$ cat start.pdb   # PDB, C-alpha atoms and all ligand atoms
ATOM      1  CA  MET A   1     -31.895 -31.634  56.333
ATOM      2  CA  VAL A   2     -35.528 -30.628  56.392
ATOM      3  CA  ARG A   3     -36.621 -27.440  58.122
ATOM      4  CA  THR A   4     -39.818 -28.415  59.933
ATOM      5  CA  PHE A   5     -42.488 -27.021  62.207
ATOM      6  CA  VAL A   6     -45.857 -28.084  63.583
ATOM      7  CA  ALA A   7     -48.824 -25.812  62.943
ATOM      8  CA  VAL A   8     -52.553 -25.306  62.806
ATOM      9  CA  ASP A   9     -53.671 -23.867  59.467
ATOM     10  CA  LEU A  10     -56.265 -21.114  59.496
ATOM     11  CA  PRO A  11     -59.321 -21.637  57.250
ATOM     12  CA  ASP A  12     -58.975 -19.927  53.856
ATOM     13  CA  ASP A  13     -61.879 -17.508  54.395
ATOM     14  CA  LEU A  14     -60.295 -16.251  57.591
ATOM     15  CA  ARG A  15     -56.900 -15.999  55.901
ATOM     16  CA  ALA A  16     -58.388 -13.907  53.092
ATOM     17  CA  ARG A  17     -60.118 -11.566  55.533
ATOM     18  CA  ILE A  18     -56.934 -11.087  57.559
ATOM     19  CA  GLY A  19     -54.947 -10.462  54.369
ATOM     20  CA  GLY A  20     -57.520  -7.897  53.246
ATOM     21  CA  VAL A  21     -57.343  -5.964  56.511
ATOM     22  CA  ALA A  22     -53.531  -6.165  56.506
ATOM     23  CA  GLU A  23     -53.492  -4.333  53.156
ATOM     24  CA  ALA A  24     -54.124  -1.064  55.023
ATOM     25  CA  LEU A  25     -50.701  -1.429  56.641
ATOM     26  CA  ARG A  26     -48.980  -1.011  53.278
ATOM     27  CA  GLU A  27     -49.548   2.735  53.741
ATOM     28  CA  SER A  28     -47.106   2.734  56.627
ATOM     29  CA  ARG A  29     -43.548   3.962  56.209
ATOM     30  CA  ALA A  30     -42.255   0.952  58.132
ATOM     31  CA  ARG A  31     -40.593  -1.747  56.028
ATOM     32  CA  LEU A  32     -42.835  -4.808  56.336
ATOM     33  CA  SER A  33     -42.701  -8.256  54.830
ATOM     34  CA  PHE A  34     -46.171  -9.701  54.667
ATOM     35  CA  VAL A  35     -46.943 -13.375  55.122
ATOM     36  CA  ASP A  36     -48.720 -14.716  52.044
ATOM     37  CA  PRO A  37     -52.335 -14.882  53.335
ATOM     38  CA  ALA A  38     -52.629 -18.412  51.907
ATOM     39  CA  LEU A  39     -49.955 -19.518  54.394
ATOM     40  CA  ILE A  40     -51.235 -17.900  57.602
ATOM     41  CA  HIS A  41     -51.021 -20.430  60.448
ATOM     42  CA  VAL A  42     -50.528 -20.854  64.176
ATOM     43  CA  THR A  43     -47.166 -22.424  64.970
ATOM     44  CA  LEU A  44     -47.310 -25.022  67.753
ATOM     45  CA  ALA A  45     -43.635 -25.978  67.662
ATOM     46  CA  PHE A  46     -40.586 -25.136  65.565
ATOM     47  CA  LEU A  47     -38.324 -28.160  65.112
ATOM     48  CA  GLY A  48     -35.613 -26.612  62.955
ATOM     49  CA  GLU A  49     -33.464 -28.737  60.671
ATOM     50  CA  VAL A  50     -34.375 -32.430  60.972
ATOM     51  CA  PRO A  51     -32.548 -35.274  59.186
ATOM     52  CA  PRO A  52     -35.024 -36.699  56.648
ATOM     53  CA  GLU A  53     -34.689 -40.222  58.034
ATOM     54  CA  ARG A  54     -36.038 -39.009  61.394
ATOM     55  CA  LEU A  55     -39.245 -37.597  59.913
ATOM     56  CA  PRO A  56     -41.249 -40.849  60.161
ATOM     57  CA  ALA A  57     -40.482 -41.022  63.896
ATOM     58  CA  VAL A  58     -41.505 -37.379  64.309
ATOM     59  CA  ALA A  59     -44.765 -37.960  62.422
ATOM     60  CA  GLY A  60     -45.358 -41.105  64.488
ATOM     61  CA  ALA A  61     -44.874 -39.263  67.771
ATOM     62  CA  LEU A  62     -47.231 -36.476  66.669
ATOM     63  CA  ALA A  63     -49.876 -39.022  65.654
ATOM     64  CA  GLY A  64     -50.089 -40.008  69.330
ATOM     65  CA  VAL A  65     -51.168 -36.538  70.478
ATOM     66  CA  ARG A  66     -54.737 -36.783  71.769
ATOM     67  CA  GLN A  67     -57.060 -33.865  72.368
ATOM     68  CA  PRO A  68     -60.673 -33.174  71.429
ATOM     69  CA  PRO A  69     -61.323 -30.522  68.733
ATOM     70  CA  PHE A  70     -61.745 -27.010  70.124
ATOM     71  CA  GLU A  71     -62.598 -23.451  69.124
ATOM     72  CA  VAL A  72     -59.991 -20.753  68.657
ATOM     73  CA  ARG A  73     -60.806 -17.062  68.549
ATOM     74  CA  VAL A  74     -58.707 -14.939  66.224
ATOM     75  CA  GLY A  75     -58.118 -11.412  67.473
ATOM     76  CA  PRO A  76     -57.432  -8.251  65.461
ATOM     77  CA  ILE A  77     -54.020  -7.578  63.900
ATOM     78  CA  ALA A  78     -51.709  -6.151  66.555
ATOM     79  CA  GLY A  79     -48.064  -5.665  67.382
ATOM     80  CA  ASP A  80     -46.215  -8.275  69.408
ATOM     81  CA  GLY A  81     -46.181  -6.104  72.545
ATOM     82  CA  ARG A  82     -42.782  -4.499  71.983
ATOM     83  CA  ARG A  83     -42.718  -0.714  71.776
ATOM     84  CA  GLU A  84     -41.358  -1.154  68.259
ATOM     85  CA  PRO A  85     -42.905  -4.487  67.219
ATOM     86  CA  ARG A  86     -40.926  -6.967  65.161
ATOM     87  CA  THR A  87     -43.930  -9.100  64.359
ATOM     88  CA  LEU A  88     -47.533  -8.201  63.566
ATOM     89  CA  TRP A  89     -49.932 -10.967  64.399
ATOM     90  CA  CYS A  90     -53.475 -11.937  65.255
ATOM     91  CA  PRO A  91     -53.556 -13.290  68.810
ATOM     92  CA  CYS A  92     -55.265 -16.689  68.873
ATOM     93  CA  THR A  93     -56.917 -17.886  72.057
ATOM     94  CA  GLY A  94     -58.552 -21.209  72.718
ATOM     95  CA  ASN A  95     -59.409 -21.131  76.434
ATOM     96  CA  GLY A  96     -56.204 -22.975  77.168
ATOM     97  CA  SER A  97     -56.802 -25.692  74.567
ATOM     98  CA  LEU A  98     -54.386 -24.178  72.049
ATOM     99  CA  ALA A  99     -51.674 -23.938  74.703
ATOM    100  CA  GLY A 100     -52.629 -27.454  75.780
ATOM    101  CA  LEU A 101     -52.160 -28.716  72.227
ATOM    102  CA  ALA A 102     -48.768 -26.967  71.960
ATOM    103  CA  ALA A 103     -47.782 -28.592  75.270
ATOM    104  CA  GLY A 104     -48.979 -31.988  74.025
ATOM    105  CA  VAL A 105     -46.898 -31.593  70.868
ATOM    106  CA  ALA A 106     -43.860 -30.571  72.948
ATOM    107  CA  ARG A 107     -44.333 -33.601  75.245
ATOM    108  CA  ALA A 108     -44.587 -35.926  72.257
ATOM    109  CA  LEU A 109     -41.413 -34.542  70.699
ATOM    110  CA  GLU A 110     -39.268 -34.347  73.820
ATOM    111  CA  PRO A 111     -38.363 -38.081  73.881
ATOM    112  CA  LEU A 112     -37.046 -37.646  70.330
ATOM    113  CA  GLY A 113     -34.597 -35.027  71.567
ATOM    114  CA  PHE A 114     -36.484 -31.845  70.672
ATOM    115  CA  THR A 115     -36.090 -29.446  73.577
ATOM    116  CA  PRO A 116     -39.363 -27.726  74.496
ATOM    117  CA  GLU A 117     -39.520 -23.955  73.962
ATOM    118  CA  ARG A 118     -38.778 -22.205  77.275
ATOM    119  CA  ARG A 119     -40.826 -19.110  76.486
ATOM    120  CA  PRO A 120     -44.500 -19.430  77.457
ATOM    121  CA  PHE A 121     -46.725 -20.273  74.489
ATOM    122  CA  ARG A 122     -48.561 -17.304  72.995
ATOM    123  CA  GLY A 123     -50.918 -18.507  70.289
ATOM    124  CA  HIS A 124     -50.732 -16.216  67.280
ATOM    125  CA  ALA A 125     -50.978 -16.113  63.517
ATOM    126  CA  THR A 126     -48.158 -14.007  62.080
ATOM    127  CA  VAL A 127     -49.372 -11.539  59.475
ATOM    128  CA  ALA A 128     -46.202  -9.538  58.770
ATOM    129  CA  ARG A 129     -42.647  -9.079  60.003
ATOM    130  CA  VAL A 130     -41.315  -5.592  60.641
ATOM    131  CA  ARG A 131     -37.995  -5.186  58.823
ATOM    132  CA  SER A 132     -37.662  -1.587  59.969
ATOM    133  CA  PHE A 133     -40.039   0.259  62.253
ATOM    134  CA  HIS A 134     -41.636   3.669  61.632
ATOM    135  CA  PRO A 135     -44.119   5.412  63.983
ATOM    136  CA  SER A 136     -46.697   5.568  61.168
ATOM    137  CA  LEU A 137     -47.115   1.821  61.698
ATOM    138  CA  GLY A 138     -48.384   2.395  65.240
ATOM    139  CA  ASP A 139     -50.953   4.893  63.961
ATOM    140  CA  LEU A 140     -52.193   2.538  61.249
ATOM    141  CA  LEU A 141     -52.451  -0.365  63.693
ATOM    142  CA  ALA A 142     -54.476   1.805  66.057
ATOM    143  CA  ASP A 143     -56.839   2.666  63.176
ATOM    144  CA  LEU A 144     -57.565  -0.965  62.222
ATOM    145  CA  PRO A 145     -61.045  -2.303  63.020
ATOM    146  CA  PRO A 146     -60.936  -3.359  66.688
ATOM    147  CA  ASP A 147     -63.010  -6.482  66.125
ATOM    148  CA  GLY A 148     -61.258  -9.774  65.681
ATOM    149  CA  PHE A 149     -61.789 -12.235  62.853
ATOM    150  CA  GLY A 150     -64.129 -14.582  64.681
ATOM    151  CA  ALA A 151     -63.516 -18.197  65.592
ATOM    152  CA  PHE A 152     -62.735 -21.488  63.909
ATOM    153  CA  THR A 153     -62.639 -25.100  65.020
ATOM    154  CA  VAL A 154     -59.237 -26.712  65.379
ATOM    155  CA  ASP A 155     -59.755 -30.356  64.442
ATOM    156  CA  ARG A 156     -56.282 -31.152  63.063
ATOM    157  CA  PHE A 157     -52.701 -30.029  63.021
ATOM    158  CA  ARG A 158     -49.859 -30.649  60.597
ATOM    159  CA  LEU A 159     -46.162 -31.324  60.438
ATOM    160  CA  LYS A 160     -44.792 -28.988  57.776
ATOM    161  CA  GLN A 161     -41.646 -28.559  55.792
ATOM    162  CA  SER A 162     -40.517 -24.969  55.273
ATOM    163  CA  THR A 163     -38.261 -24.187  52.338
ATOM    164  CA  LEU A 164     -36.877 -20.677  52.506
ATOM    165  CA  THR A 165     -36.657 -18.873  49.171
ATOM    166  CA  PRO A 166     -35.892 -15.234  48.306
ATOM    167  CA  SER A 167     -39.571 -14.710  47.485
ATOM    168  CA  GLY A 168     -40.779 -16.183  50.802
ATOM    169  CA  PRO A 169     -41.144 -19.600  52.392
ATOM    170  CA  ILE A 170     -42.759 -22.559  50.669
ATOM    171  CA  TYR A 171     -44.609 -24.891  53.032
ATOM    172  CA  ASP A 172     -45.301 -28.549  52.296
ATOM    173  CA  ASP A 173     -47.441 -30.766  54.515
ATOM    174  CA  LEU A 174     -45.525 -33.819  55.728
ATOM    175  CA  SER A 175     -48.230 -35.295  57.937
ATOM    176  CA  GLU A 176     -51.626 -34.461  59.383
ATOM    177  CA  VAL A 177     -53.018 -35.436  62.767
ATOM    178  CA  LEU A 178     -56.802 -35.418  63.267
ATOM    179  CA  LEU A 179     -58.054 -34.523  66.749
TER     180      LEU A 179
HETATM  181  O1  LIG A 201     -45.739 -18.751  63.255
HETATM  182  P1  LIG A 201     -44.597 -17.830  63.553
HETATM  183  O2  LIG A 201     -44.439 -16.765  62.527
HETATM  184  O3  LIG A 201     -44.562 -17.319  64.945
HETATM  185  O4  LIG A 201     -41.018 -17.517  63.015
HETATM  186  C1  LIG A 201     -41.211 -18.774  62.415
HETATM  187  C2  LIG A 201     -42.658 -19.115  62.272
HETATM  188  O5  LIG A 201     -43.308 -18.752  63.475
HETATM  189  C3  LIG A 201     -40.773 -19.859  63.372
HETATM  190  O6  LIG A 201     -41.387 -21.010  62.854
HETATM  191  C4  LIG A 201     -42.601 -20.640  62.237
HETATM  192  C5  LIG A 201     -42.691 -21.229  60.857
HETATM  193  O7  LIG A 201     -41.589 -20.794  60.091
HETATM  194  N1  LIG A 201     -39.336 -19.977  63.445
HETATM  195  C6  LIG A 201     -38.450 -19.850  62.453
HETATM  196  N2  LIG A 201     -37.203 -20.002  62.922
HETATM  197  C7  LIG A 201     -37.304 -20.215  64.252
HETATM  198  C8  LIG A 201     -36.374 -20.458  65.304
HETATM  199  N3  LIG A 201     -35.064 -20.509  65.077
HETATM  200  C9  LIG A 201     -38.675 -20.193  64.604
HETATM  201  N4  LIG A 201     -39.110 -20.389  65.845
HETATM  202  C10 LIG A 201     -38.183 -20.601  66.792
HETATM  203  N5  LIG A 201     -36.844 -20.646  66.554
END

$ encode --input "start.pdb" --output "structure tokens"
Amino acid sequence: MVRTFVAVDLPDDLRARIGGVAEALRESRARLSFVDPALIHVTLAFLGEVPPERLPAVAGALAGVRQPPFEVRVGPIAGDGRREPRTLWCPCTGNGSLAGLAAGVARALEPLGFTPERRPFRGHATVARVRSFHPSLGDLLADLPPDGFGAFTVDRFRLKQSTLTPSGPIYDDLSEVLL
């Protein structure tokens, strides 16, 4: 079985800037596991474990998703909205286009038996996961620069394989769809 998801990769310069700002959070007494900045992405859909022989059909369905390229704004690192956040992320907003792309991906995958996510789509790039919370994390988040990381053009998305390892996930691109 192949653990797969569909995502938009962030450009490397943006990833490096986010990773640099996230460094300040290491001072916190919360237990955090940071996403390798080189892997920071916006998930459009999580497919879970897929039999390898079904991957060509999945890639084929995704290749039919049509949408013009669009801009996404990447906000500052923030908690996920819970009082004690479990995820730290940069909110990503594309004037509805990002949500539209996620919906297009979900529509393309539904006939293959992938049930669409019931929760409303909230575009985000995960920066760290909170293994155990400590109030010092809230203070450090509040002290981060309030400006976001600017914008980038989404002109493609990818089907990715995720291999979980003790030192973090390894992602491999399985297919790429140009918008
Ligand atoms: O981009 P984020 O970090 O929101 O949390 C996982 C990550 O999302 C999510 O898939 C993305 C790439 O690994 N993910 C992992 N397991 C999941 C599950 N069981 C899941 N999303 C939904 N259900």

$ closest_atom_pairs --input "start.pdb" --of "chain A" --to "ligand LIG 201 (chain A)" --cutoff "12 Å" --atoms "all atoms listed in the file" --output "Markdown table"
| residue | atom | partner | partner_atom | distance |
| --- | --- | --- | --- | --- |
| A:Arg3 | CA | A:LIG201 | O7 | 8.5 |
| A:Thr4 | CA | A:LIG201 | C5 | 7.8 |
| A:Phe5 | CA | A:LIG201 | C5 | 6.0 |
| A:Val6 | CA | A:LIG201 | C5 | 8.0 |
| A:Ala7 | CA | A:LIG201 | O1 | 7.7 |
| A:Val8 | CA | A:LIG201 | O1 | 9.5 |
| A:Asp9 | CA | A:LIG201 | O1 | 10.2 |
| A:Leu10 | CA | A:LIG201 | O1 | 11.4 |
| A:Ser33 | CA | A:LIG201 | O2 | 11.6 |
| A:Phe34 | CA | A:LIG201 | O2 | 10.7 |
| A:Val35 | CA | A:LIG201 | O2 | 8.5 |
| A:Asp36 | CA | A:LIG201 | O2 | 11.5 |
| A:Leu39 | CA | A:LIG201 | O1 | 9.8 |
| A:Ile40 | CA | A:LIG201 | O1 | 7.9 |
| A:His41 | CA | A:LIG201 | O1 | 6.2 |
| A:Val42 | CA | A:LIG201 | O1 | 5.3 |
| A:Thr43 | CA | A:LIG201 | O1 | 4.3 |
| A:Leu44 | CA | A:LIG201 | O1 | 7.9 |
| A:Ala45 | CA | A:LIG201 | O6 | 7.3 |
| A:Phe46 | CA | A:LIG201 | N4 | 5.0 |
| A:Leu47 | CA | A:LIG201 | C10 | 7.7 |
| A:Gly48 | CA | A:LIG201 | N3 | 6.5 |
| A:Glu49 | CA | A:LIG201 | N3 | 9.5 |
| A:Asp80 | CA | A:LIG201 | O3 | 10.2 |
| A:Arg86 | CA | A:LIG201 | O2 | 10.7 |
| A:Thr87 | CA | A:LIG201 | O2 | 7.9 |
| A:Leu88 | CA | A:LIG201 | O2 | 9.2 |
| A:Trp89 | CA | A:LIG201 | O2 | 8.2 |
| A:Cys90 | CA | A:LIG201 | O3 | 10.4 |
| A:Pro91 | CA | A:LIG201 | O3 | 10.6 |
| A:Cys92 | CA | A:LIG201 | O1 | 11.2 |
| A:Phe114 | CA | A:LIG201 | N5 | 11.9 |
| A:Thr115 | CA | A:LIG201 | N5 | 11.3 |
| A:Pro116 | CA | A:LIG201 | C10 | 10.6 |
| A:Glu117 | CA | A:LIG201 | C10 | 8.0 |
| A:Arg118 | CA | A:LIG201 | C10 | 10.6 |
| A:Arg119 | CA | A:LIG201 | C10 | 10.2 |
| A:Phe121 | CA | A:LIG201 | O3 | 10.2 |
| A:Arg122 | CA | A:LIG201 | O3 | 9.0 |
| A:Gly123 | CA | A:LIG201 | O3 | 8.4 |
| A:His124 | CA | A:LIG201 | O3 | 6.7 |
| A:Ala125 | CA | A:LIG201 | O1 | 5.9 |
| A:Thr126 | CA | A:LIG201 | O2 | 4.7 |
| A:Val127 | CA | A:LIG201 | O2 | 7.8 |
| A:Ala128 | CA | A:LIG201 | O2 | 8.3 |
| A:Arg129 | CA | A:LIG201 | O2 | 8.3 |
| A:Val130 | CA | A:LIG201 | O2 | 11.8 |
| A:Arg158 | CA | A:LIG201 | C5 | 11.8 |
| A:Leu159 | CA | A:LIG201 | C5 | 10.7 |
| A:Lys160 | CA | A:LIG201 | C5 | 8.6 |
| A:Gln161 | CA | A:LIG201 | O7 | 8.9 |
| A:Ser162 | CA | A:LIG201 | O7 | 6.5 |
| A:Thr163 | CA | A:LIG201 | O7 | 9.1 |
| A:Leu164 | CA | A:LIG201 | O7 | 8.9 |
| A:Gly168 | CA | A:LIG201 | O7 | 10.4 |
| A:Pro169 | CA | A:LIG201 | O7 | 7.8 |
| A:Ile170 | CA | A:LIG201 | O7 | 9.7 |
| A:Tyr171 | CA | A:LIG201 | O7 | 8.7 |
| A:Asp172 | CA | A:LIG201 | C5 | 11.6 |

$ atom_distance --input "start.pdb" --atom1 "atom CA of A:Gly19" --atom2 "atom CA of A:Leu144"
12.6 Å

$ closest_residue --input "start.pdb" --among "A:Val65, A:Val2, A:Ile18, A:Ala59" --to "A:Ser175" --atoms "all atoms listed in the file"
A:Ala59

$ resolve_selection --input "start.pdb" --expression "the PyMOL selection byres (((chain A and resi 93-105) around 6) and not hetatm)" --output "MDAnalysis selection string"
chainID A and resid 44 71:73 92 106:108

$ atom_distance --input "start.pdb" --atom1 "atom CA of A:Ala16" --atom2 "atom CA of A:Asp147"
15.7 Å

$ residues_around --input "start.pdb" --residues "A:Leu141" --least-positions-apart "2" --cutoff "9 Å" --atoms "all atoms listed in the file" --output "PDB file with C-alpha atoms, in the frame of the given file"
ATOM      1  CA  ALA A  24     -54.124  -1.064  55.023  1.00  0.00           C
ATOM      2  CA  LEU A  25     -50.701  -1.429  56.641  1.00  0.00           C
ATOM      3  CA  ILE A  77     -54.020  -7.578  63.900  1.00  0.00           C
ATOM      4  CA  ALA A  78     -51.709  -6.151  66.555  1.00  0.00           C
ATOM      5  CA  GLY A  79     -48.064  -5.665  67.382  1.00  0.00           C
ATOM      6  CA  SER A 136     -46.697   5.568  61.168  1.00  0.00           C
ATOM      7  CA  LEU A 137     -47.115   1.821  61.698  1.00  0.00           C
ATOM      8  CA  GLY A 138     -48.384   2.395  65.240  1.00  0.00           C
ATOM      9  CA  ASP A 139     -50.953   4.893  63.961  1.00  0.00           C
ATOM     10  CA  ASP A 143     -56.839   2.666  63.176  1.00  0.00           C
ATOM     11  CA  LEU A 144     -57.565  -0.965  62.222  1.00  0.00           C
ATOM     12  CA  PRO A 145     -61.045  -2.303  63.020  1.00  0.00           C
TER      13      PRO A 145
END

$ atom_distance --input "start.pdb" --atom1 "atom CA of A:Arg156" --atom2 "atom CA of A:Met1"
25.3 Å

$ axis_aligned_box --input "start.pdb" --around "stretch 1-19 of chain A" --padding-each-side "3 Å" --output "JSON"
{"center_x": -46.9, "center_y": -21.0, "center_z": 58.3, "size_x": 36.0, "size_y": 27.2, "size_z": 16.5}

$ closest_residue --input "start.pdb" --among "A:Val74, A:Leu179, A:Leu109, A:Ala30" --to "A:Pro146" --atoms "only C-alpha atoms"
A:Val74

$ resolve_selection --input "start.pdb" --expression "the PyMOL selection byres (((chain A and resi 177) around 6) and not hetatm)" --output "mmCIF file with C-alpha atoms, in the frame of the given file"
data_model
loop_
_atom_site.group_PDB
_atom_site.id
_atom_site.type_symbol
_atom_site.label_atom_id
_atom_site.label_comp_id
_atom_site.auth_asym_id
_atom_site.auth_seq_id
_atom_site.Cartn_x
_atom_site.Cartn_y
_atom_site.Cartn_z
ATOM 1 C CA ALA A 63 -49.876 -39.022 65.654
ATOM 2 C CA ARG A 156 -56.282 -31.152 63.063
ATOM 3 C CA PHE A 157 -52.701 -30.029 63.021
ATOM 4 C CA GLU A 176 -51.626 -34.461 59.383
ATOM 5 C CA LEU A 178 -56.802 -35.418 63.267
#

$ build_atoms --input "start.pdb" --residues "stretch 36-45 of chain A" --atoms "all heavy atoms" --output "compact mmCIF listing (two decimals), in the frame of the given file"
# COMPACT_ATOMS: atom_id res chain seq x y z
N ASP A 36 -47.72 -14.40 53.07
CA ASP A 36 -48.72 -14.72 52.04
C ASP A 36 -49.99 -15.18 52.77
O ASP A 36 -49.93 -16.16 53.54
CB ASP A 36 -48.15 -15.84 51.16
CG ASP A 36 -49.15 -16.32 50.12
OD1 ASP A 36 -50.33 -15.90 50.15
OD2 ASP A 36 -48.74 -17.14 49.29
N PRO A 37 -51.14 -14.49 52.58
CA PRO A 37 -52.34 -14.88 53.34
C PRO A 37 -52.65 -16.37 53.23
O PRO A 37 -53.14 -16.98 54.19
CB PRO A 37 -53.44 -14.02 52.71
CG PRO A 37 -52.73 -12.82 52.19
CD PRO A 37 -51.37 -13.30 51.75
N ALA A 38 -52.33 -16.98 52.09
CA ALA A 38 -52.63 -18.41 51.91
C ALA A 38 -51.84 -19.30 52.86
O ALA A 38 -52.14 -20.49 52.98
CB ALA A 38 -52.35 -18.82 50.46
N LEU A 39 -50.83 -18.72 53.52
CA LEU A 39 -49.96 -19.52 54.39
C LEU A 39 -50.16 -19.22 55.88
O LEU A 39 -49.46 -19.77 56.72
CB LEU A 39 -48.48 -19.25 54.04
CG LEU A 39 -48.05 -19.53 52.60
CD1 LEU A 39 -46.56 -19.25 52.43
CD2 LEU A 39 -48.36 -20.98 52.23
N ILE A 40 -51.10 -18.33 56.20
CA ILE A 40 -51.24 -17.90 57.60
C ILE A 40 -51.61 -19.10 58.48
O ILE A 40 -52.52 -19.87 58.16
CB ILE A 40 -52.27 -16.76 57.72
CG1 ILE A 40 -51.72 -15.50 57.02
CG2 ILE A 40 -52.57 -16.45 59.18
CD1 ILE A 40 -52.70 -14.32 56.98
N HIS A 41 -50.88 -19.25 59.59
CA HIS A 41 -51.02 -20.43 60.45
C HIS A 41 -50.67 -20.06 61.88
O HIS A 41 -50.11 -18.99 62.13
CB HIS A 41 -50.07 -21.53 59.96
CG HIS A 41 -48.63 -21.11 60.07
ND1 HIS A 41 -47.97 -20.44 59.04
CD2 HIS A 41 -47.74 -21.20 61.08
CE1 HIS A 41 -46.74 -20.16 59.43
NE2 HIS A 41 -46.56 -20.60 60.66
N VAL A 42 -50.96 -20.98 62.77
CA VAL A 42 -50.53 -20.85 64.18
C VAL A 42 -49.46 -21.91 64.41
O VAL A 42 -49.74 -23.11 64.29
CB VAL A 42 -51.70 -21.08 65.16
CG1 VAL A 42 -51.22 -20.92 66.59
CG2 VAL A 42 -52.85 -20.13 64.86
N THR A 43 -48.25 -21.47 64.71
CA THR A 43 -47.17 -22.42 64.97
C THR A 43 -47.33 -23.02 66.37
O THR A 43 -47.50 -22.28 67.34
CB THR A 43 -45.79 -21.72 64.86
OG1 THR A 43 -45.67 -21.21 63.53
CG2 THR A 43 -44.65 -22.69 65.13
N LEU A 44 -47.27 -24.34 66.45
CA LEU A 44 -47.31 -25.02 67.75
C LEU A 44 -45.91 -25.34 68.24
O LEU A 44 -45.64 -25.34 69.45
CB LEU A 44 -48.13 -26.31 67.65
CG LEU A 44 -49.61 -26.16 67.28
CD1 LEU A 44 -50.25 -27.52 67.04
CD2 LEU A 44 -50.36 -25.40 68.38
N ALA A 45 -45.02 -25.65 67.30
CA ALA A 45 -43.64 -25.98 67.66
C ALA A 45 -42.76 -25.80 66.43
O ALA A 45 -43.19 -26.13 65.31
CB ALA A 45 -43.53 -27.42 68.16
